[in-house]
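Enquirer: Right, I'll just put the structure down here and ask away after.
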Amino acid sequence: MLIFNTLTGREEEFQPLQSGRVRMYTCGPTVYNFAHIGNLRTFVSQDLLRRWLLYRGYQLTHVMNVTDVDDKTIANACERGVSLEEYTAGYAQAFFEDCRRLRLQQPERVAYATRHIPEMVELVEKLLEKNLAYRQDGSIYYRISAFPKYGRLSHLDPDQLQIGHSVEADEYSKDNPRDFVLWKAPKEGEPSWETRVGRGRPGWHLECSAMSMKYLGDSFDIHGGGVDLIFPHHENEIAQSEGVTGAPFVKYWFHTEHLVVDGEKMSKSKGNFYTLRDLLDKGFDPLAIRYLLLSTHYRKPLNFTLEGILQAAAALRSLNNFLLLVRTCRDAAAGNPRIGEILQQALARFESAMDDNLNISGALGAVFDARYDLNALAESQGLFAGDRERILTTFGKFNALLDSLDLEGEDTTDAQVRELIQARSDARRNRDFKRADEIRGQLLQRGVILEDTRDGVRWKRIG
Ligand code: AMP
Ligand code: ZN
C-alpha cells in the first residue's frame, strides 16, 4: 500500500513500525463552536484511512484528541460568562453527534486536553532540563534555535527563523516562525492550573505531543489533520517530542487538503461556512454529505456546493436502487457465471485503487462500473437468487468504506411497498383502474416509482 508522506514529500510504501500493527493519531476538534463541514472533511478522510487500514487487516490503535483548552475556547467561554468546562462540554458532545451522523468510526481512544495536564507539565520540565525551553515574563517558550531540524516538515527556510523572538498566540503564519509558547502565564479571569512548572495553562501544540506519546509511544506510525496544521502545529509537535526523546516522532504525516468555497478555504473567520446542522436543517441527507466529503481525493481541494450534495445523493441512490433490485430479485436457483467475473474484477480494481494512496475516484469508478454492468445483465437476462449473495458480499466489501449502502434483506418499508404493489396489481386485474392509480400515487408520495416490465412490476426510489 502506498501513502503520501508530507515529511518526505513523496508517496511511500506503507510499512508500520511494528509488523501488523498501526498506531495513528488525529488532531481532533477545538471545541469552541460547532464543527463546519470543512473540519468534517478532514475527519471523514481520517475515517477513510482508518477503515482502509482495518480492511487490510492491521490491528489499529487510533487516538484522537479534543482541544478543550486553548486561546479560542477560553476567549469564547469568557465572553459567554461560563466556565471553560461548561462551555466546551456541549460542543464536544455536538461534535461526536456529527461524527455519528456521518458514520465516522469512533477512534480507539479519545483524549481530552484538560485531563492530561500532568503529562504536559512533564514534557515542559524535560524541555527546560535540555535547555530547549526558557522562561520569559511568567510563560515558558520553546527555543527553536536549539533544535536544528526545525522546519523540516513544512520545508521552512532556516534563514527565516527569528532567533530569540517569541510568540504567545497558538496560531501564527508561516512567514513568521518564532519561539512558540509551551506554557502560558496565568491571566486574570482565565482558567489556570497550579503545577510543578508554575501556575498557568498549556499551549495548544504541547497538548498533542503529550497526549499522542502517552498513548502511542515516543515513535508511532501516522499523524494527521488538515494541511493548515502542518505549520506551525505539527512542526512544533515534532520539535517538542523529538527534542525530548531524540527519537523520530512520526513515520508518516497524513494531511487533508481544504474544503473550499469559491476557491477560498471554508473557515469560521471568513464566515463562508456551513455546519452539518445547517445542512440537515435544509433537509440534506447526512449520508449524501458523507459521500460528498469522501469522494474527492484527500490531497485535492474539494469545492463545496449544495448542488454537489444533490449529486452525491443521486449517486448513492443509484447504488441503493441497484441493491434493491438485487435484494428483491426472483427466487430461482440458477446463477450467471458472468456475474462472478464482473464482481471479481471490480473488487480487484477497488482494492488496488485504495492501495494507491487512497485513490477513492478509482475505487468508486470500479463500484459504479460494476453496478452498470450488472444492471445491464439484469435487464437483458434477469437476476436470480443464486447471484444475490455474491453481489451482496462484494458490495458489502465496498461498504466497509462507504458505510451508506442498503445491504440488508427487505426492510419494513420495502415490505410495505411490496404489499402496495401487490394491491395495485390486484386492482388492475379486477379492472379497478381508479384504485390502481390511487396506489401508484401513494407510492409516488413515498418516493417510489413503478415500472411495468415483462417480468412484472419493478420499483425504485427517487429523491
Ligand atoms: P479545529 O477544530 O479548528 O482544530 O480544526 C479541526 C480540523 O479541521 C483540523 O485538522 C483542521 O486542519 C481542519 N480544517 C479546518 N478548516 C478546514 C477546511 N476548510 N477544509 C478541511 N479541513 C479543515
Ligand atoms: Zn494536534
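Residue names in the C-alpha cells use chain letters A, B, ... in the order shown, residue numbers from 1 in each chain, and ligand numbers from 1 in the order shown.
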Return as a VMD selection string the full set of residues in segment 25-190 of chain A whose backbone-based DSSP assignment is strand (DSSP E or B).

Expert: chain A and resid 25 to 26 30 36 59 to 67 109 to 112 133 to 136 139 to 142 166 to 167 179 to 184

Enquirer: Segment 209-213 of chain A: which residues within 7 Å, counting only C-alpha atoms, same-chain residues fewer than 5 positions away excluded, as a PyMOL selection string?

Expert: chain A and resi 25+111+116+119-120+123+218+237+240-241

Enquirer: Residues within 9 Å of ligand 2 should be enumerated using only C-alpha atoms and all ligand atoms and returned as a CSV table (one decimal) with N, CA and C atoms, in the first residue's frame.

Expert:
```
chain,number,residue,atom,x,y,z
A,25,TYR,N,-2.6,8.9,15.1
A,25,TYR,CA,-3.1,10.0,15.9
A,25,TYR,C,-3.7,11.0,15.0
A,26,THR,N,-4.9,11.4,15.3
A,26,THR,CA,-5.6,12.5,14.6
A,26,THR,C,-5.7,13.7,15.5
A,27,CYS,N,-5.3,14.9,15.0
A,27,CYS,CA,-5.6,16.1,15.7
A,27,CYS,C,-7.1,16.4,15.7
A,28,GLY,N,-7.7,16.3,16.8
A,28,GLY,CA,-9.2,16.4,16.9
A,28,GLY,C,-9.7,17.8,16.9
A,29,PRO,N,-11.0,18.0,17.1
A,29,PRO,CA,-11.6,19.3,17.0
A,29,PRO,C,-11.2,20.2,18.2
A,64,MET,N,-7.6,10.1,19.1
A,64,MET,CA,-7.9,11.5,18.6
A,64,MET,C,-8.1,12.3,19.9
A,65,ASN,N,-7.5,13.5,19.8
A,65,ASN,CA,-7.7,14.4,21.0
A,65,ASN,C,-8.9,15.4,20.8
A,66,VAL,N,-9.3,15.9,21.9
A,66,VAL,CA,-10.3,17.0,21.9
A,66,VAL,C,-9.6,18.2,22.5
A,67,THR,N,-9.4,19.3,21.8
A,67,THR,CA,-8.8,20.5,22.3
A,67,THR,C,-9.8,21.3,23.1
A,204,TRP,N,-1.4,25.2,22.9
A,204,TRP,CA,-2.1,24.1,22.1
A,204,TRP,C,-1.1,23.0,21.5
A,205,HIS,N,0.1,23.4,21.1
A,205,HIS,CA,1.0,22.5,20.4
A,205,HIS,C,1.5,21.4,21.4
A,206,LEU,N,1.7,21.8,22.7
A,206,LEU,CA,2.2,20.9,23.7
A,206,LEU,C,1.1,19.8,23.9
A,207,GLU,N,-0.1,20.2,23.9
A,207,GLU,CA,-1.2,19.2,24.2
A,207,GLU,C,-1.1,17.9,23.3
A,208,CYS,N,-0.9,18.1,22.0
A,208,CYS,CA,-0.9,17.0,21.1
A,208,CYS,C,0.4,16.1,21.3
A,209,SER,N,1.5,16.7,21.6
A,209,SER,CA,2.7,16.0,21.8
A,209,SER,C,2.5,15.1,23.0
A,212,SER,N,-0.4,12.3,22.4
A,212,SER,CA,-0.1,11.2,21.4
A,212,SER,C,1.0,10.3,22.0
A,223,HIS,N,0.3,10.4,11.7
A,223,HIS,CA,-0.3,11.5,12.4
A,223,HIS,C,-0.9,12.4,11.4
A,224,GLY,N,-2.2,12.8,11.6
A,224,GLY,CA,-2.9,13.5,10.6
A,224,GLY,C,-3.7,14.7,11.0
A,225,GLY,N,-4.2,15.4,10.0
A,225,GLY,CA,-5.0,16.6,10.3
A,225,GLY,C,-5.1,17.3,8.9
A,229,LEU,N,-2.5,22.5,9.5
A,229,LEU,CA,-1.9,22.2,10.7
A,229,LEU,C,-0.4,21.9,10.5
A,233,HIS,N,1.5,24.0,13.8
A,233,HIS,CA,1.2,23.0,14.8
A,233,HIS,C,2.0,21.7,14.8
A,234,HIS,N,2.1,21.1,13.6
A,234,HIS,CA,2.8,19.8,13.5
A,234,HIS,C,4.3,20.0,13.6
A,237,GLU,N,5.0,20.2,17.2
A,237,GLU,CA,4.9,18.9,17.9
A,237,GLU,C,6.2,18.1,17.7
```

Enquirer: Excluding same-chain residues fewer than 3 positions from Phe43 of chain A, what lies within 10 Å of it counting only C-alpha atoms, as a ChimeraX atom specification?

Expert: /A:26-29,37-40,46-49,99,102,104-105,224-226,256,293-294

Enquirer: A:Val227, A:Ile74, A:Leu377, A:Ala133: which is nearest ligand 1, counting only C-alpha atoms and all ligand atoms?

Expert: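 Of A:Val227, A:Ile74, A:Leu377, A:Ala133, the one nearest ligand 1 is A:Val227, counting only C-alpha atoms and all ligand atoms.
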
Enquirer: Mind checking DSSP for segment 5-237 of chain A and telling me the helix (DSSP H, G or I) residues as a ChimeraX atom specification?

Expert: /A:37-55,71-80,84-101,113-115,117-129,144-146,158-160,204-216,227-237

Enquirer: Point out the residue among A:Gly340, A:Gly382, A:Pro286, A:Pro191 with the least atom-to-atom distance to Gly456 of chain A, counting only C-alpha atoms.

Expert: A:Gly382

Enquirer: With only C-alpha atoms and all ligand atoms as the atoms that count, which of A:Trp459, A:Phe4, A:Phe384, A:Tyr32 lies nearest to ligand 1?

Expert: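 Selected residue with least distance to ligand 1: A:Tyr32.
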
Enquirer: If we count only C-alpha atoms, what is near Tyr291 of chain A at a cut-off of 8 Å, once residues fewer than 2 positions away on the same chain are taken out, given as a ChimeraX atom specification?

Expert: /A:287-289,293-295,312-313,316,402

Enquirer: Next, write the just-selected residues to a file, as a compact mmCIF listing (two decimals), in the first residue's frame, keeping C-alpha atoms as the atom set.

Expert:
```txt
# COMPACT_ATOMS: atom_id res chain seq x y z
CA LEU A 287 -25.08 10.04 4.16
CA ALA A 288 -25.07 12.08 0.96
CA ILE A 289 -22.84 14.57 2.77
CA LEU A 293 -16.84 14.53 1.57
CA LEU A 294 -15.15 11.23 0.88
CA SER A 295 -15.48 11.14 -2.89
CA ALA A 312 -23.80 12.82 -4.18
CA ALA A 313 -27.32 11.88 -3.09
CA LEU A 316 -25.81 6.96 -3.63
CA LEU A 402 -18.79 3.74 2.16
```

Enquirer: Taking only C-alpha atoms and all ligand atoms into account, which of A:Arg277, A:His258, A:Arg178, A:Arg418 comes nearest ligand 1?

Expert: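 Selected residue with least distance to ligand 1: A:His258.
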
Enquirer: Identify, on the basis of only C-alpha atoms, every residue whose closest approach to segment 347-363 of chain A does not exceed 6 Å; exclude the query and any residue fewer than 6 positions from it along the same chain; express the result as an mmCIF file with C-alpha atoms, in the first residue's frame.

Expert:
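Printed below is selection_10.cif as written:
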```cif
data_model
loop_
_atom_site.group_PDB
_atom_site.id
_atom_site.type_symbol
_atom_site.label_atom_id
_atom_site.label_comp_id
_atom_site.auth_asym_id
_atom_site.auth_seq_id
_atom_site.Cartn_x
_atom_site.Cartn_y
_atom_site.Cartn_z
ATOM 1 C CA MET A 1 0.000 0.000 0.000
ATOM 2 C CA LEU A 2 1.294 3.445 -0.968
ATOM 3 C CA ILE A 3 0.747 6.509 1.175
ATOM 4 C CA HIS A 297 -9.196 12.519 -3.146
#
```

Enquirer: Please compute the atom CA of Leu182 of chain A-atom CA of Thr6 of chain A distance, one decimal, in Å.

Expert: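 Atom-to-atom, atom CA of Leu182 of chain A and atom CA of Thr6 of chain A are spaced 24.3 Å apart.
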
Enquirer: One decimal, in Å: what's the spacing between atom CA of Ile238 of chain A and atom CA of Asn176 of chain A?

Expert: 17.9 Å

Enquirer: Closest to ligand 1 among A:Lys149, A:Lys72, A:Arg56, A:Arg461, using only C-alpha atoms and all ligand atoms?

Expert: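 With only C-alpha atoms and all ligand atoms as the atom set, the closest residue is A:Lys72.
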
Enquirer: Just to confirm, what's the straight-line distance from atom CA of Glu122 of chain A to atom CA of Thr245 of chain A in Å (one decimal)?

Expert: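 Here the two named atoms are 12.4 Å from each other.
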
Enquirer: Using only C-alpha atoms and all ligand atoms, find the one residue out of A:Val69, A:Val31, A:Ala239, A:Met24 that sits nearest to ligand 1.

Expert: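 Once distances to ligand 1 are computed over only C-alpha atoms and all ligand atoms, the minimum belongs to A:Val31.
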
Enquirer: Write out as a ChimeraX atom specification the residues lying within 9 Å of Ser166 of chain A, counting only C-alpha atoms and excluding same-chain residues fewer than 5 positions away.

Expert: /A:141-143,177-181
